[in-house]
Number of protein chains: 2
Amino acid sequence: MLIKRNAISIGEAVQKVMSDIEKGVTEKVTLVEASDRYLAEDIVANQDVPAFDRSLYDGYAIRSEDTKNATNAYPVELEVVGHIGAGAVFHNGIQPYQAVRIMTGAEMPEGCNAVIMLEHVKELTKFDKDYIAVDRFISEHERVFKKGQEIQKGTYLVEKGTRITPGIIALLATFGYSEVLVGKKPVVGVLATGSELLEIDEPLVPGKIRNSNSYMLMSQIEKVGAQPKYLGKLEDDLDKSFEVIRNELENVDILITTGGVSVGDYDYLPEIYDRLGATVFFNKIAMRPGSVTTVAKLGRQFLFGLSGNPSASFIGFELFVRPVIRTMLNNKEPYLASQKAILENSYPTPNAFAQLIRTKIENHNSTVCATSTGLNMSSSITSLVGADALVVLPPTESGYEKGEIVDILLLSDEGQEDFSVV
Amino acid sequence: MLIKRNAISIGEAVQKVMSDIEKGVTEKVTLVEASDRYLAEDIVANQDVPAFDRSLYDGYAIRSEDTKNATNAYPVELEVVGHIGAGAVFHNGIQPYQAVRIMTGAEMPEGCNAVIMLEHVKELTKFDKDYIAVDRFISEHERVFKKGQEIQKGTYLVEKGTRITPGIIALLATFGYSEVLVGKKPVVGVLATGSELLEIDEPLVPGKIRNSNSYMLMSQIEKVGAQPKYLGKLEDDLDKSFEVIRNELENVDILITTGGVSVGDYDYLPEIYDRLGATVFFNKIAMRPGSVTTVAKLGRQFLFGLSGNPSASFIGFELFVRPVIRTMLNNKEPYLASQKAILENSYPTPNAFAQLIRTKIENHNSTVCATSTGLNMSSSITSLVGADALVVLPPTESGYEKGEIVDILLLSDEGQEDFSVV
């Protein structure tokens, strides 16, 4: 039962997967739990920032016009009529040629419009009154952070779906968000197939290998912003496997399987998709590694059939699962960020499939260079260790030479809006 | 009591801070908890990978020499004498002109040295026996992943102090690590000073602002790999503040305070360091923002006195606290990664201090460009939102022009070994 499969391009495959995704649900979390979550509401300024004219320095709040004629030779003397700490408010007005001692961040007293730094005045006392001598003109608003100068109330600041960085945390705290609405993490189940698989705590025996894919994928799921759920291994029995998958679909938002999507005798996934009544978008992609990557949908639920090979499985996740999760989280930049880079290795062999090469990138004097991290095989694990980008080599009749400019996909958490590199 | 402070360069300040750091303690975590933690042990291969000769494809395991004379016109016929699933082992030897059906990943039978893909043979039956017809020469090791081809037992693979990525998780799983030794997260206390500060859930009142720094710093602490601990706010009372700090030092590995390190009347931190008997490394750095950043040490414990201004506090953390935490975690690349980039803005004003400009970076055809994200003020919050790098402009008499190549520090989790940009 060898069925000829039709390989589609990566771009076409991504487009099919991304054509119709249901947004995930939302939940409130406290601000301390909010780091690296995805906003489920737009952040609009609910106040001016600063909310009042603030002094930028420790010094004296004055009236700029009083210093109009101040010079080094003829300094002007201002009477110090008050003292205002940060957080305090000065309730009296001030008269011409008066000043108020003010702390960094404190609200400017009514009538004052500039600040002179403590270091720039001479403090003196005459007849039990305090004065400062100012020896130059202080222009209006000097060292004052004006009300609304940074943010005006009503300004649209951060878009729903944005990942919450420390800077956004600062913004949310400023606006008084002790809780914030974020996307609930989709639960992504991971189910391995393959009777050669041992659990990670089992001793190695002939013919068997430990299940490394499931743990790698759980780590990828976590990094991308979802909740991994380990569902163990399927037995080499079609009926049992079908039952397990049908039941587990009740408990997860997305199901990833590894292995079992090829054309071998124990590759049950195609038959299981069929029995479930799932729509299979594709079962072959013109890419290496990961050509067997299969994506199916049952109602609104995604079923990702990734390769059983580590590098292929890793790449299948980053190209197809990642943007679905990020889109469920409302993130507008669901795809791996892409850049241009200079190839540091040659790939002379013609290839009808696109190649995704695990690479380390380095920046030489503002130019990005990409060097292979090792064995370019579907089954390689070491090439993933230390890889921070994937070089994308489109199908080629002539190969690629060291020094060519190519597209790379960054394996960081940053994303981008479109997927146009392949 | 205005004391003239001596401003040192950023590089000098970093060097002082990093001169003597005690490594943190370690703990065991399960593999599913290990993502983004820092290895506290070197990873050395405890087995060959693959551990045995594996088939890379579904097909037939054969003897290369039997196909020596195979051609399209005169295919060679091999008798199929067994069937071996992944995880199973074929215990019989094979004779010349025999083949064994084999699954992807299965162990090669003794005597076989190559695999021919299922798609490349013709299967036939003669006198109740199964045969395959092979119509070309299959060279030795073709489609076989040789024992130790990827990793040889004893190979030193990942260094202590490395952050655990999904690729490293795959490696650890392969080697049977159900638990892994990682650096225990240092506990970093965050204490705010400033009587103008409201809690994030308090309504805004005249003269006051909400405490945004503490939450921002807790998010930074978490991202860098440590455990944040919010310690609230200090009152404007020297004795009480001293007691709080002395007590909290019992409960944290590192203490960060925000505000109170300037020369104003309520800036108690210098006096508190003195009373504690802490050694103050510096209390002024020739940089903007964050010139008041102070670092002190009491025995083995670091006390970071960051500015009360958001941008200054953010940058003080990334430049000085971050490398200390990462070094405690044994990480060999504790500093923000640096790159070269093209300036997209001009900074014409001479400045005796180094400037750190919050920027967004973009990659144009393999060239990195850095654009300012907004208000270049110590007190700015919005410039932090969306910043993914800091441009470093060393002290200058002539300013900087758009188009110049400058150093940038990336605000990602990646690091680098040396700090040489300033």
# chains A, B, ... in the order shown; residues from 1 in each chain; ligands from 1

call {"tool": "residues_around", "arguments": {"residues": "Leu31 (chain B)", "least_positions_apart": "6", "cutoff": "10 Å", "atoms": "only C-alpha atoms", "output": "ChimeraX atom specification"}}
result
/A:200,215-216,219 /B:164,169-170,172-173,176-181

call {"tool": "write_last_selection", "arguments": {"atoms": "C-alpha atoms", "output": "short mmCIF file (atom, residue, chain, number, x, y, z; two decimals), in the first residue's frame"}}
result
data_model
loop_
_atom_site.label_atom_id
_atom_site.label_comp_id
_atom_site.auth_asym_id
_atom_site.auth_seq_id
_atom_site.Cartn_x
_atom_site.Cartn_y
_atom_site.Cartn_z
CA ILE A 200 14.14 8.48 29.53
CA TYR A 215 10.85 16.17 25.86
CA MET A 216 12.36 18.42 23.23
CA SER A 219 10.45 22.45 25.87
CA ILE B 164 19.09 24.47 28.59
CA ILE B 169 16.72 18.71 26.36
CA ALA B 170 16.76 16.26 23.42
CA LEU B 172 19.74 14.92 27.89
CA ALA B 173 16.77 12.66 27.10
CA GLY B 176 18.80 9.06 29.93
CA TYR B 177 18.83 12.08 32.20
CA SER B 178 15.43 12.00 33.88
CA GLU B 179 16.90 14.56 36.28
CA VAL B 180 19.58 17.13 35.69
CA LEU B 181 21.77 19.22 37.97
#

call {"tool": "interface_residues", "arguments": {"of": "chain A", "to": "chain B", "cutoff": "7 Å", "atoms": "only C-alpha atoms", "output": "ChimeraX atom specification"}}
result
/A:32,35,58,86-89,103,106-107,166-171,173-174,176-178,194-197,200-201,207-208,210-213,215-216,219-220,264,339-341,363,365-368,381,384-385

call {"tool": "write_last_selection", "arguments": {"atoms": "N, CA and C atoms", "output": "CSV table (one decimal), in the first residue's frame"}}
result
chain,number,residue,atom,x,y,z
A,32,VAL,N,2.7,40.1,38.6
A,32,VAL,CA,4.0,39.3,38.7
A,32,VAL,C,3.9,38.0,38.0
A,35,SER,N,4.8,38.2,33.1
A,35,SER,CA,5.9,38.2,32.2
A,35,SER,C,5.9,37.1,31.2
A,58,ASP,N,17.0,67.0,41.9
A,58,ASP,CA,17.0,67.7,43.2
A,58,ASP,C,17.4,69.1,43.0
A,86,ALA,N,9.5,64.4,47.5
A,86,ALA,CA,8.9,63.6,46.5
A,86,ALA,C,7.6,63.0,47.1
A,87,GLY,N,6.5,63.0,46.4
A,87,GLY,CA,5.2,62.5,46.9
A,87,GLY,C,4.4,63.6,47.7
A,88,ALA,N,5.1,64.7,48.1
A,88,ALA,CA,4.4,65.7,48.8
A,88,ALA,C,3.9,66.7,47.8
A,89,VAL,N,2.9,67.6,48.2
A,89,VAL,CA,2.4,68.6,47.3
A,89,VAL,C,2.5,70.0,48.1
A,103,MET,N,12.5,67.9,45.4
A,103,MET,CA,13.2,66.7,45.2
A,103,MET,C,12.9,66.1,43.8
A,106,ALA,N,9.3,65.2,42.4
A,106,ALA,CA,8.2,65.8,43.1
A,106,ALA,C,7.3,66.7,42.1
A,107,GLU,N,6.1,67.0,42.5
A,107,GLU,CA,5.2,67.8,41.7
A,107,GLU,C,5.6,69.2,41.8
A,166,PRO,N,9.6,43.2,30.2
A,166,PRO,CA,9.8,44.0,31.4
A,166,PRO,C,9.3,45.5,31.2
A,167,GLY,N,9.6,46.0,30.0
A,167,GLY,CA,9.1,47.4,29.7
A,167,GLY,C,7.6,47.5,29.7
A,168,ILE,N,6.9,46.5,29.2
A,168,ILE,CA,5.4,46.5,29.3
A,168,ILE,C,4.9,46.3,30.7
A,169,ILE,N,5.6,45.5,31.5
A,169,ILE,CA,5.3,45.4,32.9
A,169,ILE,C,5.3,46.8,33.6
A,170,ALA,N,6.4,47.5,33.3
A,170,ALA,CA,6.5,48.9,33.8
A,170,ALA,C,5.4,49.8,33.4
A,171,LEU,N,5.0,49.6,32.2
A,171,LEU,CA,3.8,50.4,31.7
A,171,LEU,C,2.5,50.0,32.4
A,173,ALA,N,2.2,48.6,35.3
A,173,ALA,CA,2.3,49.0,36.7
A,173,ALA,C,2.0,50.5,36.8
A,174,THR,N,2.5,51.3,35.9
A,174,THR,CA,2.2,52.8,35.9
A,174,THR,C,0.8,53.1,35.8
A,176,GLY,N,-1.6,51.1,36.8
A,176,GLY,CA,-2.4,50.6,37.9
A,176,GLY,C,-3.0,49.2,37.6
A,177,TYR,N,-2.4,48.5,36.6
A,177,TYR,CA,-2.9,47.1,36.4
A,177,TYR,C,-2.3,46.2,37.4
A,178,SER,N,-3.0,45.8,38.5
A,178,SER,CA,-2.5,44.8,39.4
A,178,SER,C,-2.8,43.4,38.8
A,194,GLY,N,6.3,4.6,18.0
A,194,GLY,CA,7.5,3.9,17.7
A,194,GLY,C,7.9,2.9,18.8
A,195,SER,N,7.8,1.6,18.5
A,195,SER,CA,8.1,0.6,19.5
A,195,SER,C,9.6,0.6,19.9
A,196,GLU,N,10.4,1.4,19.2
A,196,GLU,CA,11.8,1.4,19.5
A,196,GLU,C,12.1,2.4,20.7
A,197,LEU,N,11.0,3.1,21.1
A,197,LEU,CA,11.3,4.1,22.1
A,197,LEU,C,11.3,3.6,23.6
A,200,ILE,N,12.8,7.9,29.3
A,200,ILE,CA,14.1,8.5,29.5
A,200,ILE,C,14.9,7.9,30.7
A,201,ASP,N,14.1,7.2,31.6
A,201,ASP,CA,14.8,6.6,32.8
A,201,ASP,C,15.0,5.1,32.6
A,207,GLY,N,18.7,-2.2,19.9
A,207,GLY,CA,17.7,-1.9,19.0
A,207,GLY,C,16.8,-0.7,19.4
A,208,LYS,N,16.9,-0.3,20.7
A,208,LYS,CA,16.0,0.8,21.2
A,208,LYS,C,16.8,2.1,21.5
A,210,ARG,N,16.1,6.1,23.5
A,210,ARG,CA,15.2,6.8,24.4
A,210,ARG,C,14.4,7.9,23.7
A,211,ASN,N,13.2,8.1,24.2
A,211,ASN,CA,12.3,9.1,23.6
A,211,ASN,C,12.8,10.5,23.9
A,212,SER,N,13.5,11.1,23.0
A,212,SER,CA,14.0,12.4,23.2
A,212,SER,C,13.1,13.5,22.6
A,213,ASN,N,12.4,13.1,21.5
A,213,ASN,CA,11.5,14.1,20.8
A,213,ASN,C,10.4,14.7,21.7
A,215,TYR,N,10.3,15.2,24.9
A,215,TYR,CA,10.9,16.2,25.9
A,215,TYR,C,11.3,17.4,25.2
A,216,MET,N,11.9,17.3,24.0
A,216,MET,CA,12.4,18.4,23.2
A,216,MET,C,11.1,19.2,22.8
A,219,SER,N,9.6,21.2,25.6
A,219,SER,CA,10.4,22.4,25.9
A,219,SER,C,10.1,23.5,24.8
A,220,GLN,N,10.0,23.1,23.6
A,220,GLN,CA,9.6,24.1,22.5
A,220,GLN,C,8.2,24.7,22.8
A,264,GLY,N,5.6,3.5,6.1
A,264,GLY,CA,6.0,2.1,6.6
A,264,GLY,C,4.8,1.3,7.1
A,339,GLN,N,15.7,36.9,8.7
A,339,GLN,CA,16.8,37.9,8.4
A,339,GLN,C,17.5,37.4,7.1
A,340,LYS,N,18.4,38.3,6.6
A,340,LYS,CA,19.3,37.9,5.6
A,340,LYS,C,20.7,37.6,6.3
A,341,ALA,N,21.4,36.6,5.8
A,341,ALA,CA,22.7,36.3,6.3
A,341,ALA,C,23.6,35.8,5.2
A,363,ASN,N,27.6,38.0,14.2
A,363,ASN,CA,27.5,39.3,13.5
A,363,ASN,C,28.9,39.9,13.4
A,365,ASN,N,30.9,43.0,12.3
A,365,ASN,CA,30.8,44.4,11.8
A,365,ASN,C,29.5,44.7,11.1
A,366,SER,N,28.4,44.4,11.7
A,366,SER,CA,27.0,44.7,11.3
A,366,SER,C,26.5,43.7,10.2
A,367,THR,N,27.3,42.7,9.8
A,367,THR,CA,26.9,41.8,8.8
A,367,THR,C,26.7,40.4,9.5
A,368,VAL,N,25.6,39.8,9.2
A,368,VAL,CA,25.2,38.5,9.9
A,368,VAL,C,25.7,37.3,9.0
A,381,ILE,N,20.7,15.2,16.4
A,381,ILE,CA,20.4,15.9,17.7
A,381,ILE,C,21.4,17.0,17.9
A,384,LEU,N,21.2,20.5,16.7
A,384,LEU,CA,20.2,21.4,17.3
A,384,LEU,C,20.8,22.1,18.5
A,385,VAL,N,21.8,21.4,19.1
A,385,VAL,CA,22.5,22.0,20.3
A,385,VAL,C,23.3,23.2,19.8

call {"tool": "residues_around", "arguments": {"residues": "Thr155 (chain B)", "least_positions_apart": "2", "cutoff": "6 Å", "atoms": "only C-alpha atoms", "output": "list in words"}}
result
Val44, Ala45, Gln152, Lys153 and Leu157 of chain B

call {"tool": "write_last_selection", "arguments": {"atoms": "N, CA and C atoms", "output": "CSV table (one decimal), in the first residue's frame"}}
result
chain,number,residue,atom,x,y,z
B,44,VAL,N,28.6,15.0,29.0
B,44,VAL,CA,29.5,14.2,28.3
B,44,VAL,C,28.8,13.0,27.8
B,45,ALA,N,29.0,12.6,26.6
B,45,ALA,CA,28.2,11.4,26.0
B,45,ALA,C,28.5,10.2,26.8
B,152,GLN,N,30.4,10.2,19.6
B,152,GLN,CA,31.1,9.1,20.2
B,152,GLN,C,31.1,9.2,21.7
B,153,LYS,N,30.9,8.0,22.3
B,153,LYS,CA,30.9,7.9,23.8
B,153,LYS,C,32.1,8.7,24.3
B,157,LEU,N,30.2,17.5,25.3
B,157,LEU,CA,29.2,18.1,24.5
B,157,LEU,C,28.7,19.4,24.9

call {"tool": "residues_around", "arguments": {"residues": "region 323-329 of chain B", "least_positions_apart": "2", "cutoff": "8 Å", "atoms": "only C-alpha atoms", "output": "list in words"}}
result
Val17, Met18, Ile21, Glu22, Lys23, Gly24, Tyr38, Ala40, Gly161, Gly183, Lys184, Lys185, Pro186, Val224, Gly225, Ala226, Glu318, Leu319, Phe320, Val321, Asn331, Lys332, Glu333, Pro334 and Tyr335 of chain B

call {"tool": "select_by_dssp", "arguments": {"residues": "region 199-344 of chain A", "states": "helix (DSSP H, G or I)", "output": "PyMOL selection string"}}
result
chain A and resi 213-224+238-248+269-276+310-328

call {"tool": "atom_distance", "arguments": {"atom1": "CA of Arg143 (chain A)", "atom2": "CA of Asn92 (chain A)"}}
result
21.4 Å

call {"tool": "closest_residue", "arguments": {"among": "A:Gln98, A:Asn351, A:Ser55, A:Ser313", "to": "Pro395 (chain A)", "atoms": "only C-alpha atoms"}}
result
A:Asn351
